[in-house]
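Okay, entry-v7.txt is below, compact mmCIF, C-alpha atoms:
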# COMPACT_ATOMS: atom_id res chain seq x y z
CA MET L 1 0.00 0.00 0.00
CA THR L 2 1.40 3.39 -0.93
CA ALA L 3 1.95 5.80 1.92
CA GLN L 4 -0.56 8.59 1.78
CA LYS L 5 -1.48 11.36 4.11
CA PRO L 6 -4.62 10.28 5.90
CA SER L 7 -7.51 12.55 5.11
CA ARG L 8 -10.65 13.07 7.12
CA ILE L 9 -12.88 11.76 4.39
CA GLY L 10 -10.66 8.68 4.31
CA TYR L 11 -11.39 8.00 7.98
CA LEU L 12 -15.05 7.83 7.05
CA ILE L 13 -14.83 6.03 3.71
CA ARG L 14 -12.10 3.44 4.13
CA PRO L 15 -13.73 1.29 6.83
CA ILE L 16 -16.90 0.92 4.76
CA VAL L 17 -15.51 -1.49 2.19
CA ARG L 18 -11.74 -1.34 1.76
CA GLU L 19 -10.94 -1.81 5.44
CA ASN L 20 -14.22 -3.36 6.43
CA ALA L 21 -13.65 -4.77 9.91
CA VAL L 22 -15.54 -8.00 9.37
CA LEU L 23 -14.91 -8.76 5.74
CA ILE L 24 -11.28 -7.63 5.35
CA LEU L 25 -9.84 -7.68 8.88
CA MET L 26 -12.01 -10.65 9.90
CA ILE L 27 -12.79 -9.36 13.38
CA GLY L 28 -16.20 -9.15 15.05
CA LEU L 29 -17.25 -12.40 13.39
CA CYS L 30 -19.18 -13.79 16.36
CA PRO L 31 -22.12 -11.34 16.38
CA THR L 32 -21.95 -11.27 12.58
CA LEU L 33 -22.53 -14.98 12.25
CA ALA L 34 -25.05 -15.21 15.06
CA THR L 35 -27.44 -12.34 14.41
CA THR L 36 -27.77 -12.32 10.63
CA THR L 37 -30.54 -14.89 10.28
CA SER L 38 -32.76 -12.17 8.83
CA ALA L 39 -32.21 -8.70 7.43
CA ARG L 40 -34.27 -7.06 10.17
CA ASP L 41 -32.37 -8.72 13.02
CA ALA L 42 -29.09 -7.85 11.32
CA LEU L 43 -30.16 -4.21 11.10
CA GLY L 44 -31.13 -4.20 14.77
CA MET L 45 -27.80 -5.65 15.81
CA SER L 46 -25.91 -3.18 13.61
CA ALA L 47 -27.81 -0.24 15.06
CA ALA L 48 -27.06 -1.30 18.63
CA ALA L 49 -23.37 -1.95 17.90
CA SER L 50 -23.07 1.31 15.92
CA PHE L 51 -24.42 3.33 18.83
CA VAL L 52 -21.83 1.81 21.15
CA LEU L 53 -19.00 2.09 18.63
CA ILE L 54 -19.56 5.77 17.80
CA PHE L 55 -20.04 6.92 21.38
CA SER L 56 -17.20 4.86 22.82
CA ASN L 57 -14.90 6.25 20.12
CA ILE L 58 -15.91 9.80 21.03
CA VAL L 59 -15.52 9.31 24.78
CA VAL L 60 -12.23 7.43 24.52
CA SER L 61 -10.89 10.23 22.36
CA LEU L 62 -12.12 12.85 24.85
CA VAL L 63 -10.39 11.26 27.82
CA ARG L 64 -7.29 9.93 26.05
CA LYS L 65 -4.97 12.60 27.52
CA PHE L 66 -5.87 11.55 31.06
CA VAL L 67 -5.57 7.80 30.58
CA GLN L 68 -2.22 6.22 31.30
CA PRO L 69 -1.23 3.50 28.85
CA SER L 70 -0.98 0.89 31.61
CA ILE L 71 -4.64 1.14 32.57
CA ARG L 72 -6.13 2.03 29.20
CA ILE L 73 -7.83 -1.34 28.62
CA PRO L 74 -9.85 -1.36 31.87
CA ILE L 75 -10.93 2.19 31.20
CA PHE L 76 -11.95 1.40 27.62
CA ILE L 77 -13.94 -1.57 28.83
CA ILE L 78 -15.75 0.49 31.46
CA ILE L 79 -16.66 3.09 28.85
CA ILE L 80 -17.80 0.49 26.33
CA SER L 81 -19.80 -1.57 28.81
CA THR L 82 -21.54 1.56 30.08
CA PHE L 83 -22.83 2.30 26.59
CA VAL L 84 -23.76 -1.34 26.07
CA THR L 85 -25.80 -1.35 29.27
CA ILE L 86 -27.53 1.86 28.23
CA ILE L 87 -28.55 0.40 24.86
CA ASP L 88 -29.60 -2.81 26.63
CA TYR L 89 -32.01 -0.90 28.90
CA VAL L 90 -33.29 1.23 26.04
CA LEU L 91 -34.01 -1.77 23.81
CA GLN L 92 -35.76 -3.59 26.65
CA ALA L 93 -37.93 -0.58 27.32
CA TYR L 94 -38.80 0.57 23.82
CA GLN L 95 -38.04 -2.31 21.40
CA PRO L 96 -38.93 -5.46 23.37
CA SER L 97 -39.51 -7.64 20.32
CA LEU L 98 -36.10 -6.80 18.88
CA TYR L 99 -34.55 -7.28 22.32
CA ARG L 100 -35.97 -10.79 22.57
CA VAL L 101 -34.55 -11.72 19.18
CA LEU L 102 -31.07 -10.32 19.81
CA GLY L 103 -31.05 -11.75 23.33
CA VAL L 104 -27.62 -12.45 24.70
CA PHE L 105 -25.90 -10.72 21.80
CA VAL L 106 -26.74 -7.28 23.15
CA PRO L 107 -24.64 -7.69 26.33
CA LEU L 108 -22.00 -9.41 24.21
CA ILE L 109 -21.42 -6.17 22.29
CA VAL L 110 -19.03 -5.40 25.17
CA VAL L 111 -16.56 -7.90 23.81
CA ASN L 112 -17.06 -7.04 20.14
CA CYS L 113 -13.48 -6.85 18.85
CA ILE L 114 -14.32 -4.04 16.46
CA ILE L 115 -15.31 -1.65 19.23
CA LEU L 116 -12.33 -2.28 21.49
CA GLY L 117 -10.14 -2.43 18.38
CA ARG L 118 -11.18 1.04 17.21
CA ALA L 119 -10.80 2.49 20.72
CA GLU L 120 -7.30 1.06 20.96
CA ALA L 121 -6.09 1.55 17.40
CA PHE L 122 -7.76 4.84 16.53
CA ALA L 123 -9.60 6.84 19.17
CA TYR L 124 -6.76 6.61 21.72
CA GLY L 125 -4.50 8.51 19.32
CA HIS L 126 -6.82 10.84 17.40
CA GLY L 127 -9.02 13.87 17.97
CA VAL L 128 -12.69 13.77 18.82
CA PHE L 129 -14.02 14.64 15.38
CA ASP L 130 -11.71 12.21 13.60
CA SER L 131 -12.69 9.50 16.07
CA PHE L 132 -16.34 10.21 15.42
CA LEU L 133 -15.75 9.85 11.67
CA ASP L 134 -13.85 6.62 12.20
CA GLY L 135 -16.64 5.27 14.40
CA LEU L 136 -19.27 6.27 11.86
CA GLY L 137 -17.32 4.72 8.98
CA ASN L 138 -16.80 1.47 10.84
CA SER L 139 -20.46 1.43 11.84
CA LEU L 140 -21.53 1.87 8.24
CA GLY L 141 -19.17 -0.91 7.16
CA PHE L 142 -20.47 -3.21 9.88
CA THR L 143 -24.10 -2.39 9.07
CA LEU L 144 -23.58 -2.83 5.33
CA LEU L 145 -22.03 -6.25 5.82
CA LEU L 146 -24.54 -7.49 8.40
CA VAL L 147 -27.58 -6.39 6.43
CA THR L 148 -26.17 -7.89 3.21
CA LEU L 149 -25.48 -11.15 5.00
CA GLY L 150 -28.88 -11.09 6.71
CA ALA L 151 -30.71 -10.37 3.47
CA ILE L 152 -28.92 -13.14 1.58
CA ARG L 153 -29.54 -15.69 4.32
CA GLU L 154 -33.17 -14.66 4.77
CA PHE L 155 -33.70 -14.79 0.99
CA PHE L 156 -32.46 -18.36 0.71
CA ALA L 157 -33.81 -19.66 4.01
CA ALA L 158 -37.27 -18.10 4.06
CA GLY L 159 -37.80 -16.62 0.60
CA THR L 160 -38.27 -13.15 2.03
CA ILE L 161 -36.21 -9.97 2.47
CA PHE L 162 -37.05 -7.72 5.42
CA GLY L 163 -40.14 -9.93 5.83
CA LYS L 164 -41.38 -9.12 2.29
CA VAL L 165 -42.17 -12.13 0.12
CA VAL L 166 -39.90 -12.08 -2.93
CA THR L 167 -40.00 -15.67 -4.16
CA PRO L 168 -42.74 -17.85 -5.68
CA GLY L 169 -44.71 -20.17 -3.44
CA TRP L 170 -42.98 -23.34 -4.66
CA TYR L 171 -39.69 -22.01 -3.37
CA ARG L 172 -41.03 -21.01 0.03
CA SER L 173 -42.54 -24.46 0.55
CA ALA L 174 -39.08 -26.03 0.40
CA PRO L 175 -36.43 -23.36 0.95
CA MET L 176 -32.72 -23.80 1.66
CA LEU L 177 -33.13 -24.09 5.40
CA PHE L 178 -29.46 -24.60 6.17
CA MET L 179 -28.89 -20.94 5.41
CA ILE L 180 -30.28 -19.88 8.78
CA PHE L 181 -28.03 -22.33 10.62
CA PRO L 182 -24.45 -21.40 11.52
CA PRO L 183 -22.99 -23.24 8.49
CA GLY L 184 -25.10 -21.01 6.25
CA ALA L 185 -23.46 -17.95 7.77
CA PHE L 186 -19.96 -19.33 7.20
CA PHE L 187 -20.93 -20.28 3.68
CA VAL L 188 -22.22 -16.82 2.74
CA ILE L 189 -19.36 -14.97 4.38
CA GLY L 190 -16.95 -17.27 2.54
CA VAL L 191 -18.58 -16.42 -0.76
CA LEU L 192 -18.46 -12.68 0.05
CA LYS L 193 -14.79 -13.01 0.99
CA ALA L 194 -14.10 -14.76 -2.31
CA LEU L 195 -15.86 -11.98 -4.21
CA VAL L 196 -13.70 -9.41 -2.40
CA ALA L 197 -10.59 -11.28 -3.46
CA LYS L 198 -11.85 -11.71 -7.04
CA PHE L 199 -12.62 -8.03 -7.54
CA LYS L 200 -9.72 -6.90 -5.34
CA LEU L 201 -11.98 -4.62 -3.32
CA ASP L 202 -9.38 -4.58 -0.55
CA LYS L 203 -6.68 -3.21 -2.82
CA GLY L 204 -8.52 -0.32 -4.47
CA MET E 205 4.40 7.19 43.03
CA LYS E 206 2.54 10.13 41.68
CA SER E 207 1.58 8.24 38.56
CA ARG E 208 0.25 5.39 40.66
CA THR E 209 -2.05 7.73 42.56
CA TRP E 210 -3.24 9.19 39.30
CA MET E 211 -3.91 5.71 37.99
CA VAL E 212 -6.18 4.95 40.94
CA VAL E 213 -7.91 8.31 40.76
CA SER E 214 -8.60 8.07 37.01
CA LEU E 215 -10.06 4.57 37.30
CA LEU E 216 -12.17 5.63 40.25
CA VAL E 217 -13.52 8.67 38.45
CA THR E 218 -14.32 6.61 35.36
CA CYS E 219 -16.24 4.11 37.45
CA LEU E 220 -18.13 6.81 39.32
CA VAL E 221 -19.19 8.58 36.13
CA ALA E 222 -20.22 5.27 34.54
CA ALA E 223 -22.20 4.21 37.60
CA PHE E 224 -23.96 7.55 37.76
CA ALA E 225 -24.88 7.47 34.07
CA LEU E 226 -26.21 3.94 34.37
CA SER E 227 -28.30 4.62 37.43
CA GLU E 228 -29.90 7.56 35.62
CA VAL E 229 -30.72 5.48 32.53
CA TYR E 230 -32.01 2.67 34.73
CA ALA E 231 -34.30 5.01 36.61
CA VAL E 232 -35.72 6.41 33.38
CA THR E 233 -36.31 3.07 31.67
CA LYS E 234 -37.35 0.88 34.62
CA SER E 235 -41.06 1.62 34.62
CA GLN E 236 -41.25 1.11 30.85
CA ILE E 237 -39.37 -2.19 31.06
CA ASP E 238 -41.68 -3.50 33.80
CA LYS E 239 -44.67 -2.43 31.77
CA GLN E 240 -43.42 -4.23 28.65
CA ARG E 241 -42.90 -7.45 30.63
CA ALA E 242 -46.33 -7.26 32.22
CA ASP E 243 -47.96 -6.49 28.86
CA ALA E 244 -46.29 -9.46 27.19
CA THR E 245 -47.48 -11.86 29.90
CA GLU E 246 -50.96 -10.34 29.98
CA SER E 247 -51.48 -10.64 26.23
CA ALA E 248 -50.24 -14.23 26.18
CA LEU E 249 -52.64 -15.12 29.02
CA ALA E 250 -55.54 -13.43 27.27
CA GLN E 251 -54.82 -15.46 24.14
CA VAL E 252 -55.14 -18.83 25.84
CA LEU E 253 -58.05 -17.96 28.12
CA ALA E 254 -60.37 -15.80 26.04
CA GLY E 255 -63.11 -14.01 27.94
CA ALA E 256 -61.20 -13.50 31.17
CA ALA E 257 -61.38 -9.93 32.42
CA GLY E 258 -58.25 -10.20 34.49
CA PHE E 259 -55.64 -12.58 35.82
CA ARG E 260 -54.19 -13.25 39.23
CA GLU E 261 -50.74 -14.83 39.45
CA MET E 262 -50.90 -17.70 41.93
CA GLU E 263 -47.46 -19.22 41.36
CA LYS E 264 -44.71 -17.14 39.83
CA ASP E 265 -44.60 -17.70 36.04
CA SER E 266 -46.45 -21.01 36.17
CA LEU E 267 -50.02 -20.64 37.44
CA TRP E 268 -52.63 -17.92 36.98
CA TYR E 269 -56.32 -17.74 37.83
CA GLY E 270 -58.50 -16.17 35.14
CA LEU E 271 -61.18 -13.94 36.62
CA ASP E 272 -64.42 -12.78 34.99
CA SER E 273 -65.69 -9.23 35.28
CA ALA E 274 -67.30 -10.01 38.64
CA GLY E 275 -63.95 -11.21 39.97
CA THR E 276 -64.83 -14.89 40.26
CA LYS E 277 -62.59 -17.62 38.94
CA MET E 278 -63.58 -18.74 35.43
CA GLY E 279 -60.52 -20.72 34.42
CA ILE E 280 -56.82 -21.20 35.04
CA VAL E 281 -53.70 -20.82 32.95
CA VAL E 282 -50.67 -23.03 33.55
CA ARG E 283 -47.22 -23.07 31.99
CA SER E 284 -45.55 -26.34 31.08
CA GLY E 285 -42.00 -26.91 29.96
CA VAL E 286 -41.04 -30.50 29.25
CA ARG E 287 -37.69 -31.05 27.57
CA GLY E 288 -37.93 -31.30 23.79
CA TYR E 289 -35.07 -31.72 21.35
CA GLY E 290 -33.21 -28.47 22.02
CA GLY E 291 -34.40 -27.60 25.50
CA PRO E 292 -37.64 -27.11 27.41
CA VAL E 293 -40.66 -26.43 25.21
CA PRO E 294 -42.58 -23.63 26.95
CA VAL E 295 -46.34 -23.91 26.49
CA LEU E 296 -49.10 -21.83 28.06
CA VAL E 297 -52.33 -23.79 28.55
CA GLY E 298 -55.71 -22.23 29.28
CA LEU E 299 -58.21 -24.49 31.10
CA ASP E 300 -61.83 -24.04 32.01
CA LEU E 301 -62.99 -25.11 35.46
CA THR E 302 -63.70 -28.67 34.34
CA GLY E 303 -60.10 -29.13 33.18
CA ARG E 304 -60.87 -28.92 29.49
CA ILE E 305 -58.26 -27.18 27.32
CA VAL E 306 -59.68 -23.98 25.85
CA GLY E 307 -56.52 -22.50 24.39
CA ILE E 308 -52.80 -23.16 24.13
CA LYS E 309 -49.83 -21.15 23.03
CA VAL E 310 -46.45 -22.63 22.21
CA ALA E 311 -43.71 -20.05 22.82
CA SER E 312 -42.03 -18.57 19.76
CA PRO E 313 -38.25 -18.84 19.32
CA ALA E 314 -37.94 -15.27 20.60
CA GLU E 315 -39.70 -16.38 23.78
CA GLY E 316 -37.36 -19.28 24.41
CA LEU E 317 -38.29 -22.14 22.06
CA LYS E 318 -35.10 -23.83 20.89
CA GLU E 319 -36.41 -26.51 18.52
CA THR E 320 -35.03 -27.11 15.03
CA PRO E 321 -36.35 -24.71 12.35
CA GLY E 322 -38.37 -26.59 9.75
CA LEU E 323 -38.97 -29.53 12.09
CA GLY E 324 -39.64 -29.03 15.80
CA LEU E 325 -40.29 -25.34 15.32
CA LYS E 326 -43.51 -26.30 13.52
CA ALA E 327 -44.98 -26.83 16.99
CA THR E 328 -45.89 -23.13 16.84
CA GLU E 329 -48.06 -23.72 13.75
CA GLU E 330 -51.78 -23.52 14.20
CA TRP E 331 -52.72 -26.94 12.77
CA PHE E 332 -50.54 -28.59 15.39
CA TRP E 333 -51.51 -26.77 18.57
CA LYS E 334 -55.21 -26.53 17.57
CA GLN E 335 -55.43 -30.28 17.99
CA PHE E 336 -55.08 -29.90 21.75
CA VAL E 337 -58.02 -27.54 22.14
CA GLY E 338 -60.95 -29.42 23.66
CA GLY E 339 -58.69 -32.09 25.16
CA ASP E 340 -57.96 -32.71 28.83
CA SER E 341 -55.20 -34.25 30.95
CA THR E 342 -55.29 -37.41 28.80
CA VAL E 343 -53.95 -35.77 25.63
CA ALA E 344 -51.29 -37.90 23.93
CA LEU E 345 -49.81 -38.53 20.50
CA LYS E 346 -51.40 -41.19 18.28
CA LYS E 347 -48.20 -43.21 18.71
CA ASP E 348 -48.79 -43.15 22.46
CA GLY E 349 -52.44 -44.10 22.19
CA GLY E 350 -53.93 -40.63 21.96
CA LYS E 351 -55.46 -38.54 19.20
CA ILE E 352 -52.78 -35.99 18.39
CA ASP E 353 -50.97 -36.12 15.03
CA ALA E 354 -47.25 -35.65 15.62
CA ILE E 355 -45.23 -33.26 13.47
CA SER E 356 -43.48 -35.46 10.91
CA GLY E 357 -39.77 -35.67 11.69
CA ALA E 358 -40.26 -34.07 15.08
CA THR E 359 -41.74 -36.73 17.34
CA ILE E 360 -39.62 -35.66 20.29
CA THR E 361 -40.90 -32.10 20.16
CA SER E 362 -44.50 -33.21 19.61
CA ARG E 363 -44.28 -35.59 22.54
CA ALA E 364 -42.76 -32.90 24.74
CA VAL E 365 -45.73 -30.64 24.04
CA ALA E 366 -48.33 -33.38 24.63
CA LYS E 367 -46.66 -34.82 27.72
CA GLY E 368 -45.97 -31.39 29.13
CA ILE E 369 -49.59 -30.37 28.79
CA ALA E 370 -50.93 -33.61 30.29
CA GLN E 371 -48.49 -33.57 33.22
CA THR E 372 -49.02 -29.92 33.99
CA ILE E 373 -52.80 -30.25 34.02
CA ARG E 374 -52.52 -33.16 36.45
CA LYS E 375 -50.06 -31.25 38.61
CA TYR E 376 -52.42 -28.31 39.04
CA SER E 377 -55.70 -30.26 39.02
CA GLU E 378 -56.49 -29.19 42.59
CA HIS E 379 -56.78 -25.61 41.34
CA LEU E 380 -59.61 -26.53 38.98
CA GLY E 381 -63.21 -26.07 39.99
CA ARG E 382 -64.47 -23.18 42.05

Let me see the file written as structure tokens.
Amino acid sequence: MTAQKPSRIGYLIRPIVRENAVLILMIGLCPTLATTTSARDALGMSAAASFVLIFSNIVVSLVRKFVQPSIRIPIFIIIISTFVTIIDYVLQAYQPSLYRVLGVFVPLIVVNCIILGRAEAFAYGHGVFDSFLDGLGNSLGFTLLLVTLGAIREFFAAGTIFGKVVTPGWYRSAPMLFMIFPPGAFFVIGVLKALVAKFKLDKG
Amino acid sequence: MKSRTWMVVSLLVTCLVAAFALSEVYAVTKSQIDKQRADATESALAQVLAGAAGFREMEKDSLWYGLDSAGTKMGIVVRSGVRGYGGPVPVLVGLDLTGRIVGIKVASPAEGLKETPGLGLKATEEWFWKQFVGGDSTVALKKDGGKIDAISGATITSRAVAKGIAQTIRKYSEHLGR
């Protein structure tokens, strides 16, 4: 990769496809595989994780001057888990049906590698606005991938996308059920990864 | 030495701020969360025991009395949970005072059903659970000498539902009648 001066727009754009955390860096796979059984669930998970990612990036960047390197990880975790608990309460109170579907994966956002990874690799060394852009870019990348994965799996497994019927009745009577099981998730993400390699999306 | 003090102070301050923020959010959302939980239970109970004006919880999460508008007992609702293929199969059963099943509701996956999609998960389909309506504590699969058609490929789940219902009705039979 040629050395280039990082630009602000780059902070926002690069994580969407070229440095997509899940697809290129292969981190944050656990929630990705587990919550993409339908496009709607994937969107819900992405929204919750995006909230935590953006706000933890901002707060980590705000306090970075006061945090000694030796205790940075505990402090990051406290910040992240605070936001996770907030979104957990909010979902329970105002989106109970989504909360029931996402279940244990909401609290598990605490250990999402992408969020701690961005706090450590970016927000700890950059300004507030840049960290916000980085958080937003990574959120968009995460959302894009999860919703794509969710839509593909839902299409094959149930014949619907976002709950809308898009296939003829004969398909829905005998769909490719394995797509909503864990192997289906590995299968689709493998195909997406192969497409990235084929079209060199990570080199562009 | 100084840096060690600062380390302790910064961690402490972080924790205090986090705890304060969380207690605020908790206070704001608590009433709404309780309301959502109560609503979900209430609507499930109303589904299995139509016509009840209200419910009184007699045993936490497993036994309710259905009351009519005058406040007298007109039926009971019990929860069963016999182990199926992937875990307990939670079923709410509405009974009239003679012990006849008037309504049942098999939990959806979001409510804790862990059966296999395409097989055991079909227990939530209407044709399957409708078969139990009108039955009593003797309900059983055809294979076990009863009248219920099992879900093809999911005998274990079907049996868990039937057995669970029969056992639970027997367990709470003393609560039937006035």

Can you pull out the residues contacting Leu98 of chain L? Cut-off 9 Å, using only C-alpha atoms, and skip same-chain residues under 3 positions away; I want them as an NGL selection string.
(:L and (40-41 or 44-45 or 91-92 or 95 or 101-103)) or (:E and (314))

I need the contact residues of chain L against chain E, so if you could list those with any atom within 12 Å, counting all atoms listed in the file, and return them as a ChimeraX atom specification, that would help.
/L:37,41,59-60,63-104,157-158,172-181

Leaving out segment 345-354 of chain E and any residue of its chain fewer than 5 positions from it, which residues lie within 12 Å of it when counting all atoms listed in the file, given as a ChimeraX atom specification?
/E:323-324,326-327,331-340,359-370

Using all atoms listed in the file, which protein or nucleic acid residues come within 12 Å of segment 161-165 of chain L? Drop anything in the same chain fewer than 6 positions from it, and give the result as a PyMOL selection string.
chain L and resi 36-44+147-155+171-172

Contact residues around Ser131 of chain L with all atoms listed in the file at 12 Å, ignoring same-chain residues under 2 positions, as a PyMOL selection string
chain L and resi 8-12+53-62+64+115+118-129+133-139

Point out the residue among L:Val22, L:Ile16, L:Leu144, L:Ala47 with the least atom-to-atom distance to Gly190 of chain L, counting only C-alpha atoms.
L:Val22

Quick one: residues within 12 Å of Trp268 of chain E, only C-alpha atoms, excluding same-chain residues fewer than 2 positions away - as an MDAnalysis selection string?
chainID E and resid 245:246 248:250 252:253 256 258:266 270:271 277:283 296:299 376 379:380

Once you add 6 Å to each side, what are the centre and edge lengths of the axis-aligned box holding all listed atoms of segment 90-107 of chain L? One decimal in Å, as AutoDock Vina command-line options, if you can.
--center_x -32.1 --center_y -5.6 --center_z 23.1 --size_x 26.9 --size_y 25.7 --size_z 20.4

Enter the distance from atom CA of Cys113 of chain L to atom CA of Gly28 of chain L, in Å, rounded to one decimal.
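It comes out at 5.2 Å.
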
Calculate how many Å separate atom CA of Arg18 of chain L from atom CA of Gly117 of chain L, rounding to one decimal.
16.7 Å

Quick check, in Å to one decimal: how far apart do atom CA of Ala48 of chain L and atom CA of Phe186 of chain L lie?
22.5 Å
